[in-house]
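Just my_file-v4.pdb here, PDB, C-alpha atoms:
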ATOM      1  CA  VAL A   1     -75.238  19.811 -46.583
ATOM      2  CA  GLN A   2     -76.346  23.428 -46.448
ATOM      3  CA  LEU A   3     -73.291  24.972 -44.786
ATOM      4  CA  GLN A   4     -69.769  23.677 -45.252
ATOM      5  CA  ALA A   5     -66.865  25.384 -43.495
ATOM      6  CA  SER A   6     -63.314  24.696 -44.584
ATOM      7  CA  GLY A   7     -59.820  26.111 -44.526
ATOM      8  CA  GLY A   8     -58.775  25.377 -40.982
ATOM      9  CA  GLY A   9     -55.438  23.919 -40.094
ATOM     10  CA  LEU A  10     -52.240  24.355 -38.147
ATOM     11  CA  VAL A  11     -50.429  27.666 -38.426
ATOM     12  CA  GLN A  12     -47.666  29.370 -36.508
ATOM     13  CA  ALA A  13     -48.329  32.475 -34.470
ATOM     14  CA  GLY A  14     -48.246  35.521 -36.699
ATOM     15  CA  GLY A  15     -49.468  33.550 -39.681
ATOM     16  CA  SER A  16     -52.676  33.778 -41.667
ATOM     17  CA  LEU A  17     -55.550  31.548 -42.658
ATOM     18  CA  LYS A  18     -58.602  32.115 -44.788
ATOM     19  CA  LEU A  19     -61.692  30.174 -43.876
ATOM     20  CA  SER A  20     -64.463  29.539 -46.340
ATOM     21  CA  CYS A  21     -68.085  28.697 -45.791
ATOM     22  CA  ALA A  22     -70.033  27.380 -48.749
ATOM     23  CA  PHE A  23     -73.773  27.794 -48.496
ATOM     24  CA  SER A  24     -76.852  26.723 -50.385
ATOM     25  CA  PRO A  25     -78.116  29.848 -52.213
ATOM     26  CA  ARG A  26     -81.783  29.046 -51.843
ATOM     27  CA  THR A  27     -81.532  29.032 -48.051
ATOM     28  CA  PHE A  28     -78.800  31.548 -47.310
ATOM     29  CA  SER A  29     -78.343  34.159 -50.005
ATOM     30  CA  SER A  30     -80.761  36.678 -48.456
ATOM     31  CA  TYR A  31     -79.439  36.473 -44.903
ATOM     32  CA  PRO A  32     -76.536  37.840 -42.929
ATOM     33  CA  MET A  33     -73.896  35.252 -42.189
ATOM     34  CA  GLY A  34     -71.756  35.036 -39.106
ATOM     35  CA  TRP A  35     -68.618  33.388 -37.866
ATOM     36  CA  PHE A  36     -68.148  32.099 -34.365
ATOM     37  CA  ARG A  37     -65.443  30.154 -32.616
ATOM     38  CA  GLU A  38     -65.386  27.806 -29.703
ATOM     39  CA  ALA A  39     -62.273  26.931 -27.763
ATOM     40  CA  PRO A  40     -62.158  23.977 -25.366
ATOM     41  CA  GLY A  41     -63.907  24.833 -22.133
ATOM     42  CA  LYS A  42     -65.101  28.209 -23.392
ATOM     43  CA  GLU A  43     -68.371  29.577 -24.655
ATOM     44  CA  ARG A  44     -69.005  30.092 -28.337
ATOM     45  CA  GLU A  45     -67.629  33.499 -29.271
ATOM     46  CA  PHE A  46     -68.735  35.812 -32.067
ATOM     47  CA  VAL A  47     -65.946  36.846 -34.473
ATOM     48  CA  GLY A  48     -67.783  38.500 -37.343
ATOM     49  CA  ALA A  49     -70.908  38.952 -39.409
ATOM     50  CA  ILE A  50     -71.708  40.232 -42.867
ATOM     51  CA  SER A  51     -74.955  41.367 -44.450
ATOM     52  CA  TRP A  52     -76.556  39.433 -47.290
ATOM     53  CA  SER A  53     -75.260  41.900 -49.876
ATOM     54  CA  GLY A  54     -71.822  42.121 -48.334
ATOM     55  CA  GLY A  55     -72.258  45.854 -47.923
ATOM     56  CA  ARG A  56     -72.112  45.766 -44.151
ATOM     57  CA  ALA A  57     -69.717  43.836 -41.974
ATOM     58  CA  TYR A  58     -69.019  43.824 -38.286
ATOM     59  CA  VAL A  59     -66.207  42.304 -36.275
ATOM     60  CA  PRO A  60     -65.767  42.687 -32.528
ATOM     61  CA  ASP A  61     -62.913  44.594 -30.955
ATOM     62  CA  SER A  62     -61.286  41.324 -29.902
ATOM     63  CA  VAL A  63     -60.344  40.557 -33.531
ATOM     64  CA  LYS A  64     -60.684  43.939 -35.201
ATOM     65  CA  GLY A  65     -57.693  44.778 -37.336
ATOM     66  CA  ARG A  66     -56.787  41.109 -37.703
ATOM     67  CA  PHE A  67     -59.960  39.392 -38.982
ATOM     68  CA  THR A  68     -61.919  40.407 -42.055
ATOM     69  CA  ILE A  69     -65.202  38.916 -43.179
ATOM     70  CA  SER A  70     -66.415  38.956 -46.765
ATOM     71  CA  ARG A  71     -68.795  37.105 -49.022
ATOM     72  CA  ASP A  72     -69.207  36.292 -52.695
ATOM     73  CA  ASN A  73     -72.815  35.412 -53.433
ATOM     74  CA  ALA A  74     -71.914  34.453 -56.991
ATOM     75  CA  LYS A  75     -69.789  31.698 -55.476
ATOM     76  CA  ASN A  76     -72.192  31.096 -52.576
ATOM     77  CA  THR A  77     -69.329  31.511 -50.135
ATOM     78  CA  VAL A  78     -68.544  33.533 -47.029
ATOM     79  CA  TYR A  79     -64.937  34.068 -46.008
ATOM     80  CA  LEU A  80     -63.065  34.843 -42.823
ATOM     81  CA  GLN A  81     -59.567  36.146 -43.416
ATOM     82  CA  MET A  82     -57.500  35.815 -40.269
ATOM     83  CA  ASN A  83     -54.142  37.552 -40.004
ATOM     84  CA  SER A  84     -51.582  37.932 -37.225
ATOM     85  CA  LEU A  85     -52.921  34.816 -35.597
ATOM     86  CA  LYS A  86     -52.268  34.192 -31.932
ATOM     87  CA  PRO A  87     -52.322  30.963 -29.919
ATOM     88  CA  GLU A  88     -55.506  32.215 -28.232
ATOM     89  CA  ASP A  89     -57.222  32.140 -31.636
ATOM     90  CA  THR A  90     -57.082  28.344 -31.476
ATOM     91  CA  ALA A  91     -60.640  27.063 -31.685
ATOM     92  CA  VAL A  92     -63.201  25.370 -33.860
ATOM     93  CA  TYR A  93     -64.646  27.998 -36.181
ATOM     94  CA  TYR A  94     -68.263  27.856 -37.284
ATOM     95  CA  CYS A  95     -70.267  29.722 -39.864
ATOM     96  CA  ALA A  96     -73.970  30.231 -39.395
ATOM     97  CA  ARG A  97     -77.020  31.962 -40.819
ATOM     98  CA  GLY A  98     -78.075  35.036 -38.920
ATOM     99  CA  PRO A  99     -81.395  36.784 -38.424
ATOM    100  CA  GLN A 100     -82.681  38.382 -41.610
ATOM    101  CA  VAL A 101     -82.692  41.941 -40.234
ATOM    102  CA  TRP A 102     -79.255  43.486 -39.694
ATOM    103  CA  ASN A 103     -78.973  44.240 -35.998
ATOM    104  CA  VAL A 104     -75.560  44.048 -34.387
ATOM    105  CA  LEU A 105     -76.972  43.455 -30.915
ATOM    106  CA  ARG A 106     -78.605  40.318 -32.231
ATOM    107  CA  LEU A 107     -75.839  39.271 -34.593
ATOM    108  CA  VAL A 108     -73.314  38.844 -31.768
ATOM    109  CA  ARG A 109     -75.542  36.300 -30.018
ATOM    110  CA  PRO A 110     -75.245  32.685 -31.191
ATOM    111  CA  GLY A 111     -78.815  31.983 -30.147
ATOM    112  CA  THR A 112     -80.120  34.162 -32.969
ATOM    113  CA  TYR A 113     -78.513  31.959 -35.641
ATOM    114  CA  ASP A 114     -80.533  29.076 -36.950
ATOM    115  CA  TYR A 115     -78.331  27.097 -39.349
ATOM    116  CA  TRP A 116     -74.787  26.095 -38.430
ATOM    117  CA  GLY A 117     -71.977  24.496 -40.355
ATOM    118  CA  GLN A 118     -69.979  21.633 -38.926
ATOM    119  CA  GLY A 119     -66.948  23.711 -37.906
ATOM    120  CA  THR A 120     -63.331  23.765 -38.940
ATOM    121  CA  LEU A 121     -60.431  23.520 -36.511
ATOM    122  CA  VAL A 122     -57.828  26.256 -36.370
ATOM    123  CA  THR A 123     -54.729  25.586 -34.309
ATOM    124  CA  VAL A 124     -52.176  28.325 -33.778
ATOM    125  CA  SER A 125     -48.840  27.223 -32.400
ATOM    126  CA  SER A 126     -46.574  29.507 -30.423
TER     127      SER A 126
END

For the file at hand, write its structure as structure tokens.
Amino acid sequence: VQLQASGGGLVQAGGSLKLSCAFSPRTFSSYPMGWFREAPGKEREFVGAISWSGGRAYVPDSVKGRFTISRDNAKNTVYLQMNSLKPEDTAVYYCARGPQVWNVLRLVRPGTYDYWGQGTLVTVSS
């Protein structure tokens, strides 16, 4: 398994969760990594990306101020810290490998990612 997302679960509104995505260093350590989510009946939505070094990160306005993305290449792991969770954050969350060149216009599009993890379910109760 090259990408393994974990850390999902059931949390009350206002709570926090930290998702992890373990990756195989040979395949992923030189690439940006992204997080997406998919709620039932909705399209896959971008929630954050981080450069291969961790020096650049981008999250959309929809989660800015609540979600933070980070990575630790020594541990071969990308993280998504989610705070102040809302019921509308309920979804399956996926990590994926992005295009090698940092370009936000491309990073927000799921079609530009080539390797995907299996997803982890986050459920936020009201």

Sorted by chain and rising residue number, which residues of region 81-117 of chain A lie within 6 Å of region 53-70 of chain A, and what are their closest atom pairs and distances in Å to one decimal, counting all atoms listed in the file, as a tab-separated table?
residue	atom	partner	partner_atom	distance
A:Gln81	CA	A:Thr68	CA	5.1
A:Met82	CA	A:Phe67	CA	4.5
A:Asn83	CA	A:Arg66	CA	5.0

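The residue that comes closest to Gly117 (chain A), out of A:Gly8, A:Glu38, A:Ala96, A:Tyr79 and on the basis of all atoms listed in the file, is A:Ala96.
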
>> Measuring between only C-alpha atoms, which one of A:Gln100, A:Cys95, A:Val124, A:Gly111 shows the shortest distance to Phe36 (chain A)?
In response: A:Cys95

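Rounded to one decimal, CA of Gly34 (chain A) and CA of Leu107 (chain A) lie 7.4 Å from each other.
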
> What's the 10 Å shell around Phe23 (chain A), counting all atoms listed in the file, without same-chain residues fewer than 3 positions away, as a ChimeraX atom specification?
Replying inline: /A:1-5,20,26-29,33,73,75-78,95-97,117

Same residues, C-alpha atoms, output as a PDB file, keeping the file's coordinate frame:
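Result file is again-v5.pdb:
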ATOM      1  CA  VAL A   1     -75.238  19.811 -46.583  1.00  0.00           C
ATOM      2  CA  GLN A   2     -76.346  23.428 -46.448  1.00  0.00           C
ATOM      3  CA  LEU A   3     -73.291  24.972 -44.786  1.00  0.00           C
ATOM      4  CA  GLN A   4     -69.769  23.677 -45.252  1.00  0.00           C
ATOM      5  CA  ALA A   5     -66.865  25.384 -43.495  1.00  0.00           C
ATOM      6  CA  SER A  20     -64.463  29.539 -46.340  1.00  0.00           C
ATOM      7  CA  ARG A  26     -81.783  29.046 -51.843  1.00  0.00           C
ATOM      8  CA  THR A  27     -81.532  29.032 -48.051  1.00  0.00           C
ATOM      9  CA  PHE A  28     -78.800  31.548 -47.310  1.00  0.00           C
ATOM     10  CA  SER A  29     -78.343  34.159 -50.005  1.00  0.00           C
ATOM     11  CA  MET A  33     -73.896  35.252 -42.189  1.00  0.00           C
ATOM     12  CA  ASN A  73     -72.815  35.412 -53.433  1.00  0.00           C
ATOM     13  CA  LYS A  75     -69.789  31.698 -55.476  1.00  0.00           C
ATOM     14  CA  ASN A  76     -72.192  31.096 -52.576  1.00  0.00           C
ATOM     15  CA  THR A  77     -69.329  31.511 -50.135  1.00  0.00           C
ATOM     16  CA  VAL A  78     -68.544  33.533 -47.029  1.00  0.00           C
ATOM     17  CA  CYS A  95     -70.267  29.722 -39.864  1.00  0.00           C
ATOM     18  CA  ALA A  96     -73.970  30.231 -39.395  1.00  0.00           C
ATOM     19  CA  ARG A  97     -77.020  31.962 -40.819  1.00  0.00           C
ATOM     20  CA  GLY A 117     -71.977  24.496 -40.355  1.00  0.00           C
TER      21      GLY A 117
END

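The space between CA of Asp72 (chain A) and CA of Val11 (chain A) spans 25.1 Å.
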
Axis-aligned box for all listed atoms of region 67-85 of chain A, 3 Å per side, centre and edges in Å to one decimal, as AutoDock Vina command-line options:
--center_x -62.2 --center_y 35.8 --center_z -46.3 --size_x 27.2 --size_y 15.3 --size_z 27.4

> Could you name the residues that touch Trp35 (chain A) at 8 Å or less, counting all atoms listed in the file, but leaving out those on the same chain fewer than 2 positions away, as a PyMOL selection string?
Replying inline: chain A and resi 33+37+46-49+80+93-96

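Nearest to Arg44 (chain A) of all the residues A:Tyr31, A:Ala91, A:Thr123, A:Val104 is A:Ala91, based on all atoms listed in the file.
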
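In this model, the gap between CA of Pro99 (chain A) and CA of Glu45 (chain A) comes to 16.9 Å.
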
>> Here is a test: counting only C-alpha atoms, which residue of A:Pro32, A:Pro40, A:Gly9, A:Pro110 is nearest to Trp52 (chain A)?
In response: A:Pro32

>> Could you tell me, as an MDAnalysis selection string, exactly which residues end up selected when the PyMOL selection byres ((chain A and resi 84) around 6) is applied to this structure?
In response: chainID A and resid 14:15 83 85

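The closest residue to Gly41 (chain A), picked from A:Arg106, A:Val92, A:Gly98, A:Ala22 and counting all atoms listed in the file, is A:Val92.
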
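Nearest-residue note for Gln12 (chain A): choosing from A:Lys86, A:Lys42, A:Arg109, A:Arg71, the minimum distance belongs to A:Lys86, counting all atoms listed in the file.
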